[in-house]
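model.cif follows (mmCIF, C-alpha atoms and all ligand atoms):
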data_entry
loop_
_atom_site.label_atom_id
_atom_site.label_comp_id
_atom_site.auth_asym_id
_atom_site.auth_seq_id
_atom_site.Cartn_x
_atom_site.Cartn_y
_atom_site.Cartn_z
CA MET A 1 20.18 25.02 -1.88
CA TRP A 2 19.72 21.63 -3.51
CA LYS A 3 21.90 18.77 -2.31
CA SER A 4 22.56 15.50 -4.09
CA SER A 5 23.48 13.67 -0.89
CA LEU A 6 23.31 14.23 2.84
CA THR A 7 26.19 14.22 5.32
CA THR A 8 25.93 11.83 8.25
CA ASP A 9 24.92 14.72 10.52
CA GLU A 10 22.29 15.95 8.08
CA ALA A 11 20.88 12.44 7.70
CA ALA A 12 20.65 12.14 11.49
CA ALA A 13 18.89 15.52 11.71
CA VAL A 14 16.42 14.40 9.00
CA ASP A 15 15.76 11.16 10.91
CA ALA A 16 15.10 13.14 14.09
CA LEU A 17 12.77 15.52 12.23
CA VAL A 18 10.87 12.64 10.64
CA ASP A 19 10.55 10.97 14.08
CA ARG A 20 9.28 14.19 15.72
CA ALA A 21 6.70 14.60 12.98
CA ALA A 22 5.64 10.94 13.08
CA GLY A 23 5.09 11.27 16.84
CA VAL A 24 2.49 13.95 16.12
CA ASP A 25 1.13 12.77 12.76
CA GLY A 26 0.98 9.05 13.54
CA THR A 27 2.61 8.14 10.23
CA SER A 28 6.03 8.65 8.69
CA ALA A 29 6.33 11.48 6.16
CA LEU A 30 9.00 9.56 4.23
CA ASN A 31 8.63 6.12 2.75
CA GLU A 32 11.25 3.41 2.79
CA ASP A 33 12.49 4.32 -0.68
CA ALA A 34 13.27 7.89 0.34
CA HIS A 35 14.83 6.70 3.56
CA LEU A 36 17.07 4.07 1.96
CA ALA A 37 17.89 5.81 -1.31
CA ARG A 38 18.67 9.25 -0.01
CA ASN A 39 22.40 8.86 -0.60
CA THR A 40 22.26 6.93 -3.83
CA GLY A 41 22.11 10.02 -6.01
CA SER A 42 18.60 9.46 -7.32
CA TYR A 43 17.15 11.94 -4.79
CA ARG A 44 17.68 15.68 -4.47
CA HIS A 45 17.33 17.23 -1.03
CA LEU A 46 16.30 20.58 0.39
CA LEU A 47 16.94 21.42 4.03
CA HIS A 48 15.26 24.38 5.71
CA HIS A 49 16.73 25.62 9.01
CA GLU A 50 15.24 27.98 11.60
CA ASP A 51 17.62 29.27 14.29
CA GLY A 52 20.17 26.63 13.29
CA GLU A 53 17.71 23.75 13.72
CA LEU A 54 16.38 21.63 10.89
CA ALA A 55 12.74 22.70 10.51
CA GLY A 56 11.79 21.35 7.10
CA TYR A 57 12.99 18.73 4.63
CA LEU A 58 12.03 17.96 1.06
CA ALA A 59 13.21 14.97 -0.98
CA TYR A 60 12.67 14.87 -4.74
CA SER A 61 13.07 11.55 -6.54
CA ALA A 62 14.30 12.02 -10.10
CA ASP A 63 13.50 8.35 -10.80
CA HIS A 64 9.85 8.63 -9.81
CA GLY A 65 9.30 12.34 -10.42
CA THR A 66 7.70 12.51 -6.97
CA THR A 67 8.41 14.48 -3.83
CA GLN A 68 8.12 13.88 -0.10
CA LEU A 69 8.32 16.65 2.45
CA VAL A 70 7.94 17.28 6.12
CA VAL A 71 7.89 20.32 8.40
CA ASP A 72 8.65 20.20 12.12
CA PRO A 73 5.33 20.18 14.02
CA ALA A 74 6.54 23.15 16.09
CA GLN A 75 7.17 25.18 12.92
CA ARG A 76 4.06 24.50 10.93
CA ARG A 77 1.75 27.02 9.35
CA ARG A 78 4.58 29.54 8.98
CA GLY A 79 5.08 29.14 5.26
CA ILE A 80 7.98 26.65 5.37
CA GLY A 81 6.14 23.95 3.43
CA ARG A 82 5.10 26.50 0.84
CA ARG A 83 8.67 27.78 0.41
CA LEU A 84 10.03 24.24 -0.01
CA VAL A 85 7.45 23.43 -2.69
CA ASP A 86 8.10 26.79 -4.39
CA GLN A 87 11.77 25.83 -4.69
CA LEU A 88 10.82 22.47 -6.13
CA ALA A 89 9.57 24.32 -9.22
CA GLU A 90 13.24 24.80 -10.20
CA LEU A 91 13.49 21.04 -10.77
CA ALA A 92 10.06 19.66 -11.51
CA ALA A 93 6.32 20.04 -11.33
CA PRO A 94 5.07 19.21 -7.82
CA ARG A 95 3.87 15.65 -7.45
CA LEU A 96 3.62 15.25 -3.70
CA TRP A 97 3.14 12.11 -1.65
CA ALA A 98 0.92 12.56 1.37
CA PHE A 99 1.30 9.44 3.51
CA GLY A 100 -1.78 9.27 5.68
CA ASP A 101 -3.41 12.09 3.70
CA ALA A 102 -3.73 14.41 6.70
CA PRO A 103 -5.73 17.67 6.43
CA ALA A 104 -2.49 19.73 6.41
CA ALA A 105 -1.14 17.77 3.44
CA ARG A 106 -4.44 18.14 1.61
CA GLY A 107 -4.42 21.86 2.40
CA LEU A 108 -0.88 22.30 1.07
CA ALA A 109 -1.70 20.30 -2.06
CA HIS A 110 -4.81 22.37 -2.70
CA HIS A 111 -2.82 25.57 -2.11
CA PHE A 112 -0.69 24.57 -5.12
CA GLY A 113 -3.73 23.59 -7.17
CA LEU A 114 -2.87 19.87 -7.01
CA VAL A 115 -5.43 17.08 -7.20
CA GLU A 116 -5.50 13.45 -6.13
CA GLY A 117 -3.62 11.47 -8.80
CA ARG A 118 -3.25 8.13 -7.12
CA ALA A 119 -4.40 6.72 -3.81
CA LEU A 120 -3.10 3.61 -2.11
CA LEU A 121 -5.43 2.29 0.53
CA VAL A 122 -4.90 0.16 3.58
CA MET A 123 -8.07 -1.74 4.37
CA GLU A 124 -8.80 -3.73 7.50
CA LYS A 125 -11.26 -6.33 8.62
CA VAL A 126 -11.58 -7.11 12.31
CA PHE A 127 -12.78 -10.63 12.99
CA GLU A 128 -15.93 -10.87 15.02
CA HIS A 129 -16.48 -14.49 14.29
CA LYS A 130 -15.25 -17.95 14.96
CA PRO A 131 -13.32 -19.91 12.33
CA GLY A 132 -15.76 -21.47 9.88
CA ASP A 133 -18.19 -18.55 9.85
CA PHE A 134 -17.31 -17.82 6.23
CA GLY A 135 -18.81 -21.17 5.33
CA ASP A 136 -17.00 -24.24 4.21
CA SER A 137 -15.23 -22.21 1.59
CA ARG A 138 -12.88 -25.00 0.62
CA GLY A 139 -15.29 -27.85 0.71
CA LEU A 140 -18.57 -29.31 -0.20
CA SER A 141 -21.04 -28.77 2.61
CA THR A 142 -24.28 -26.87 2.06
CA PRO A 143 -23.90 -23.18 2.80
CA THR A 144 -26.12 -21.43 5.28
CA THR A 145 -28.03 -18.38 4.04
CA SER A 146 -25.63 -15.92 5.65
CA THR A 147 -22.57 -17.44 4.06
CA ALA A 148 -24.04 -18.34 0.70
CA ARG A 149 -22.30 -15.53 -1.16
CA PHE A 150 -18.90 -16.81 -0.03
CA VAL A 151 -19.36 -20.28 -1.41
CA ARG A 152 -21.10 -19.55 -4.68
CA ALA A 153 -18.52 -21.54 -6.55
CA ALA A 154 -18.38 -23.48 -9.74
CA THR A 155 -18.30 -27.16 -8.99
CA GLY A 156 -15.16 -29.03 -9.79
CA ILE A 157 -12.84 -26.33 -8.49
CA GLU A 158 -10.64 -27.50 -5.69
CA LEU A 159 -9.06 -25.13 -3.19
CA ARG A 160 -5.96 -26.47 -1.48
CA GLY A 161 -2.66 -25.36 0.02
CA TYR A 162 0.32 -24.64 -2.21
CA LEU A 163 2.54 -27.52 -3.36
CA PRO A 164 6.08 -27.03 -4.72
CA GLY A 165 4.98 -28.19 -8.19
CA ASP A 166 2.57 -25.20 -8.40
CA ALA A 167 5.30 -22.55 -8.76
CA LYS A 168 5.33 -22.23 -12.55
CA ALA A 169 1.55 -22.09 -12.93
CA LEU A 170 1.25 -19.68 -10.02
CA LEU A 171 3.77 -17.29 -11.61
CA ALA A 172 1.89 -17.46 -14.92
CA VAL A 173 -1.44 -16.63 -13.24
CA ASN A 174 0.23 -13.85 -11.27
CA ALA A 175 1.71 -12.34 -14.45
CA ALA A 176 -1.64 -12.51 -16.27
CA ALA A 177 -3.73 -11.23 -13.36
CA PHE A 178 -1.34 -8.32 -12.67
CA ALA A 179 -0.37 -7.48 -16.25
CA HIS A 180 -1.39 -3.86 -15.50
CA HIS A 181 0.69 -3.76 -12.33
CA PRO A 182 4.38 -4.33 -13.20
CA GLU A 183 5.63 -4.42 -9.60
CA GLN A 184 3.43 -7.40 -8.77
CA GLY A 185 3.06 -8.93 -12.25
CA GLY A 186 6.81 -9.05 -12.72
CA LEU A 187 7.32 -11.54 -9.89
CA ASP A 188 9.73 -14.23 -11.11
CA ALA A 189 10.88 -17.62 -9.81
CA ALA A 190 13.70 -16.08 -7.77
CA GLY A 191 11.33 -13.51 -6.21
CA LEU A 192 8.84 -16.24 -5.39
CA ALA A 193 11.55 -18.41 -3.83
CA SER A 194 12.87 -15.55 -1.71
CA ARG A 195 9.40 -14.75 -0.38
CA MET A 196 8.85 -18.41 0.40
CA ALA A 197 12.10 -18.42 2.38
CA GLU A 198 10.73 -15.73 4.75
CA ASP A 199 9.88 -16.75 8.31
CA TRP A 200 6.19 -16.05 7.86
CA PHE A 201 5.70 -18.25 4.80
CA ASP A 202 3.12 -20.98 5.32
CA PRO A 203 2.19 -23.20 2.33
CA GLU A 204 -1.28 -23.77 3.84
CA GLY A 205 -1.78 -20.01 3.82
CA LEU A 206 -1.12 -19.85 0.08
CA ILE A 207 -4.37 -21.25 -1.21
CA VAL A 208 -4.61 -22.22 -4.86
CA ALA A 209 -7.75 -22.89 -6.92
CA VAL A 210 -7.38 -25.78 -9.34
CA GLU A 211 -9.80 -27.05 -11.99
CA ASP A 212 -8.99 -30.13 -14.06
CA GLY A 213 -5.38 -29.85 -12.97
CA ARG A 214 -5.16 -26.21 -14.08
CA LEU A 215 -4.32 -23.50 -11.57
CA LEU A 216 -6.84 -20.68 -11.99
CA GLY A 217 -6.15 -18.41 -9.07
CA PHE A 218 -4.56 -18.07 -5.69
CA HIS A 219 -4.84 -16.23 -2.40
CA TRP A 220 -1.54 -15.77 -0.67
CA THR A 221 -2.11 -14.84 2.96
CA LYS A 222 0.49 -13.64 5.40
CA ARG A 223 0.37 -13.78 9.17
CA VAL A 224 2.54 -11.86 11.60
CA GLY A 225 1.44 -12.46 15.19
CA ASP A 226 -2.31 -12.02 15.36
CA VAL A 227 -2.47 -9.74 12.32
CA GLY A 228 -3.20 -11.36 8.99
CA GLU A 229 -2.76 -9.91 5.53
CA VAL A 230 -4.30 -10.52 2.15
CA TYR A 231 -0.81 -10.54 0.63
CA VAL A 232 -1.78 -11.31 -2.98
CA LEU A 233 -5.13 -12.33 -4.42
CA GLY A 234 -5.05 -13.13 -8.12
CA VAL A 235 -7.37 -14.88 -10.55
CA ASP A 236 -6.42 -15.69 -14.13
CA PRO A 237 -8.31 -13.34 -16.50
CA SER A 238 -9.85 -16.36 -18.26
CA ALA A 239 -11.44 -17.46 -14.97
CA GLN A 240 -12.55 -14.03 -13.71
CA GLY A 241 -16.25 -13.34 -13.18
CA ARG A 242 -17.04 -16.78 -11.76
CA GLY A 243 -16.93 -15.87 -8.08
CA LEU A 244 -13.50 -17.41 -7.66
CA GLY A 245 -11.90 -14.29 -6.19
CA ARG A 246 -14.61 -14.10 -3.55
CA ARG A 247 -14.25 -17.78 -2.76
CA LEU A 248 -10.45 -17.59 -2.52
CA LEU A 249 -10.73 -14.48 -0.35
CA ALA A 250 -13.12 -16.29 2.01
CA ALA A 251 -10.90 -19.37 2.19
CA GLY A 252 -7.89 -17.24 3.08
CA LEU A 253 -9.80 -15.30 5.72
CA ASP A 254 -10.96 -18.56 7.22
CA HIS A 255 -7.40 -19.81 7.28
CA LEU A 256 -6.18 -16.65 9.02
CA ALA A 257 -9.02 -16.75 11.55
CA SER A 258 -8.29 -20.41 12.32
CA ALA A 259 -4.61 -19.54 12.75
CA GLY A 260 -5.58 -17.06 15.52
CA CYS A 261 -5.66 -13.72 13.68
CA ARG A 262 -7.82 -10.99 15.19
CA SER A 263 -7.73 -8.77 12.15
CA VAL A 264 -6.62 -8.78 8.54
CA ILE A 265 -5.20 -5.92 6.52
CA LEU A 266 -4.49 -5.42 2.84
CA TYR A 267 -2.99 -2.84 0.49
CA VAL A 268 -4.86 -1.90 -2.66
CA ASP A 269 -4.81 0.85 -5.26
CA LYS A 270 -8.02 2.87 -5.11
CA ALA A 271 -8.16 2.72 -8.93
CA ASP A 272 -8.61 -1.05 -8.71
CA THR A 273 -12.32 -0.64 -8.15
CA VAL A 274 -13.19 -4.30 -8.67
CA ALA A 275 -10.83 -5.38 -5.89
CA VAL A 276 -11.88 -2.55 -3.57
CA GLY A 277 -15.55 -3.51 -4.08
CA LEU A 278 -14.80 -7.15 -3.35
CA TYR A 279 -12.98 -6.28 -0.14
CA GLU A 280 -15.72 -3.88 0.99
CA SER A 281 -18.34 -6.55 0.46
CA ALA A 282 -16.27 -8.95 2.57
CA GLY A 283 -16.28 -6.46 5.46
CA PHE A 284 -13.03 -4.55 4.90
CA ALA A 285 -12.94 -0.80 5.55
CA VAL A 286 -10.30 1.81 4.65
CA ILE A 287 -8.10 2.67 7.65
CA HIS A 288 -5.28 4.56 5.91
CA ARG A 289 -4.72 6.40 2.63
CA ASP A 290 -1.49 7.43 0.92
CA VAL A 291 -2.23 9.98 -1.77
CA LEU A 292 -0.05 11.27 -4.59
CA TYR A 293 -1.14 14.84 -5.36
CA VAL A 294 -0.42 15.90 -8.94
CA PRO A 295 -1.01 18.95 -11.14
CA GLN A 296 -4.53 19.10 -12.53
CA GLY A 297 -4.97 17.21 -15.78
CA GLU A 298 -2.07 14.86 -15.15
CA GLN A 299 -2.81 11.16 -15.16
CA GLU A 300 -1.48 8.82 -12.51
CA GLY A 301 1.92 7.26 -12.79
CA VAL A 302 4.86 6.94 -10.47
C1 LIG B 401 1.91 19.36 5.09
C2 LIG B 401 3.05 20.16 5.72
C3 LIG B 401 4.35 19.87 4.95
C4 LIG B 401 2.72 21.66 5.62
O1 LIG B 401 3.87 22.43 6.07
P1 LIG B 401 3.68 23.91 6.65
O2 LIG B 401 5.03 24.52 6.69
O3 LIG B 401 2.92 23.86 7.91
O4 LIG B 401 2.79 24.58 5.51
P2 LIG B 401 2.69 26.17 5.20
O5 LIG B 401 2.73 26.95 6.45
O6 LIG B 401 3.70 26.53 4.16
O7 LIG B 401 1.23 26.26 4.56
C5 LIG B 401 1.01 26.52 3.18
C6 LIG B 401 -0.46 26.32 2.90
O8 LIG B 401 -0.82 24.94 3.03
C7 LIG B 401 -2.15 24.87 3.59
N1 LIG B 401 -2.10 24.24 4.92
C8 LIG B 401 -1.01 24.04 5.68
N2 LIG B 401 -1.36 23.44 6.85
C9 LIG B 401 -2.70 23.29 6.82
C10 LIG B 401 -3.64 22.74 7.71
N3 LIG B 401 -3.26 22.24 8.91
N4 LIG B 401 -4.94 22.68 7.35
C11 LIG B 401 -5.32 23.18 6.15
N5 LIG B 401 -4.47 23.75 5.26
C12 LIG B 401 -3.17 23.78 5.59
C13 LIG B 401 -2.66 26.26 3.66
O9 LIG B 401 -3.26 26.59 2.43
C14 LIG B 401 -1.38 27.03 3.84
O10 LIG B 401 -1.49 28.38 3.47
P3 LIG B 401 -2.00 29.45 4.56
O11 LIG B 401 -1.24 29.21 5.83
O12 LIG B 401 -1.69 30.76 3.91
O13 LIG B 401 -3.46 29.18 4.73
C15 LIG B 401 3.22 19.81 7.22
O14 LIG B 401 1.96 19.89 7.86
C16 LIG B 401 3.78 18.43 7.45
O15 LIG B 401 5.01 18.26 7.55
N6 LIG B 401 2.91 17.40 7.56
C17 LIG B 401 3.35 16.02 7.70
C18 LIG B 401 4.05 15.52 6.43
C19 LIG B 401 3.13 15.52 5.21
O16 LIG B 401 1.92 15.30 5.29
N7 LIG B 401 3.74 15.74 4.03
C20 LIG B 401 3.01 15.71 2.77
C21 LIG B 401 2.82 17.07 2.18
S1 LIG B 401 1.82 16.99 0.71
#

What would the structure in this file look like if it were written as structure tokens?
Ligand SMILES: CC(C)(COP(=O)(O)OP(=O)(O)OC[C@H]1O[C@@H](n2cnc3c(N)ncnc32)[C@H](O)[C@@H]1OP(=O)(O)O)[C@@H](O)C(=O)NCCC(=O)NCCS
Amino acid sequence: MWKSSLTTDEAAAVDALVDRAAGVDGTSALNEDAHLARNTGSYRHLLHHEDGELAGYLAYSADHGTTQLVVDPAQRRRGIGRRLVDQLAELAAPRLWAFGDAPAARGLAHHFGLVEGRALLVMEKVFEHKPGDFGDSRGLSTPTTSTARFVRAATGIELRGYLPGDAKALLAVNAAAFAHHPEQGGLDAAGLASRMAEDWFDPEGLIVAVEDGRLLGFHWTKRVGDVGEVYVLGVDPSAQGRGLGRRLLAAGLDHLASAGCRSVILYVDKADTVAVGLYESAGFAVIHRDVLYVPQGEQEGV
């Protein structure tokens, strides 16, 4: 039976189920949205019990048209997942998130004839170098052969840390560079300010590229402990194709390495093939995939 909200006890049982599954799967079957919004009315819930215990849970988001589900590891391969997805047909076509894209999730998706509609990748680069190995990516010195591709830069472009007066130009470049990506491209002054108020914010780790006083691109890095992140890398469309993205990437990696990071991660949509190619060529490899499985013939879109 569909529910539009969960009681406190049901929510606790769902949390316990998700924890049990994560202990086995190594990744949570529900994302933060499903976890936080489950009592806001935008989700519909299905609970499946076996011998009075919660054995399966499905959450359908009416806002996104997507579904997340999990079956207790001790109850798998007994048809529970299939029954939950069968019931989903009463509300919507199955568009299933598979966080971690495990073989079981792929198997279930294929059982329902679903195909990969969207894939969000986590990529990682482990540093095996000393700071500076990417070349003098900010400066003027002659590159060595091994680092030449990181410093192939147009002359006259200065890379420097963020200054408060850069905010407006940075937001404009962000909006232009991510015009196809509303979540990122829609960043406004208040959103920028709130991110800059976070503990991890470091103006030196937000590297901007400036030519003749005009901000052309930026690489916003993030560092938590010894793990760095390519938080946002954006180049104005008018300045793309000049090697600036590669140069900004290298400068940010150098910054993170100098700050003591052992590895760097980033999140990227698999469909963004230019970015994925850039990251691969800089030594990043995919370590995690979240896949949205959709009915055949359906385009992406969440
Ligand atoms: C994916 C998941 C929900 C499947 O639940 P389940 O109750 O074990 O699935 P079912 O028993 O109903 O299996 C239905 C079909 O899915 C496929 N399937 C299920 N588990 C599979 C596995 N480990 N390997 C390959 N195919 C699998 C099979 O086609 C299966 O039919 P069959 O048993 O007749 O061969 C469960 O493994 C789970 O909770 N995983 C973690 C959360 C997750 O990945 N959710 C995303 C789902 S898209």

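Nearest-residue note for Gly117 of chain A: choosing from A:Gln75, A:Thr273, A:Thr66, A:Thr40, the minimum distance belongs to A:Thr66, counting all atoms listed in the file.
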
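These residues, each with an atom at most 6 Å from (-9.9, 0.4, 6.7) using all atoms listed in the file, are Val122, Met123, Glu124, Ala285, Val286 and Ile287 of chain A.
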
Create the file for the chosen residues now, containing C-alpha atoms and written as a CSV table (one decimal), in the coordinates of the input.
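File part_36.csv, as written:
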chain,number,residue,atom,x,y,z
A,122,VAL,CA,-4.9,0.2,3.6
A,123,MET,CA,-8.1,-1.7,4.4
A,124,GLU,CA,-8.8,-3.7,7.5
A,285,ALA,CA,-12.9,-0.8,5.6
A,286,VAL,CA,-10.3,1.8,4.6
A,287,ILE,CA,-8.1,2.7,7.6

Problem - Spatial neighbours of Glu32 of chain A, 12 Å, all atoms listed in the file, chain gap at least 5 places, as a PyMOL selection string - result: chain A and resi 37-38+68+99

Handout entry: Exercise answer, 10 Å around ligand LIG 401 (chain B) with all atoms listed in the file, as a VMD selection string
Key = chain A and resid 17 to 18 21 to 22 24 to 30 55 to 58 67 to 86 94 to 112 114 290 to 294

Problem - Between atom CA of Gly113 of chain A and atom CA of Glu298 of chain A - distance in Å to one decimal - result: 11.9 Å

To test the calculation: enclose all listed atoms of segment 88-101 of chain A in a box whose edges run along x, y and z, add 8 Å on each side, then state centre and edge lengths in Å to one decimal, as JSON.
{"center_x": 5.0, "center_y": 17.0, "center_z": -2.9, "size_x": 32.9, "size_y": 31.5, "size_z": 33.2}

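Take the candidates A:Ile207, A:Leu278, A:Ala250, A:Leu256 and check each one against Gly225 of chain A using all atoms listed in the file; the shortest distance goes to A:Leu256.
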
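As for atom CA of Pro182 of chain A and atom CA of Lys125 of chain A, they are spaced 26.9 Å apart.
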
Practice task
Fewer than 3 positions away in the same chain doesn't count, so skip those; otherwise give me all residues within 9 Å of Asp226 of chain A, counting only C-alpha atoms, as a ChimeraX atom specification.
Solution key: /A:223,256,259-264

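What separates atom CA of Leu206 of chain A from atom CA of Glu229 of chain A is a distance of 11.5 Å.
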
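Comparing A:Ser61, A:Thr221, A:Asn31, A:Gln87 by their smallest distance to Tyr43 of chain A, the closest is A:Ser61 (using all atoms listed in the file).
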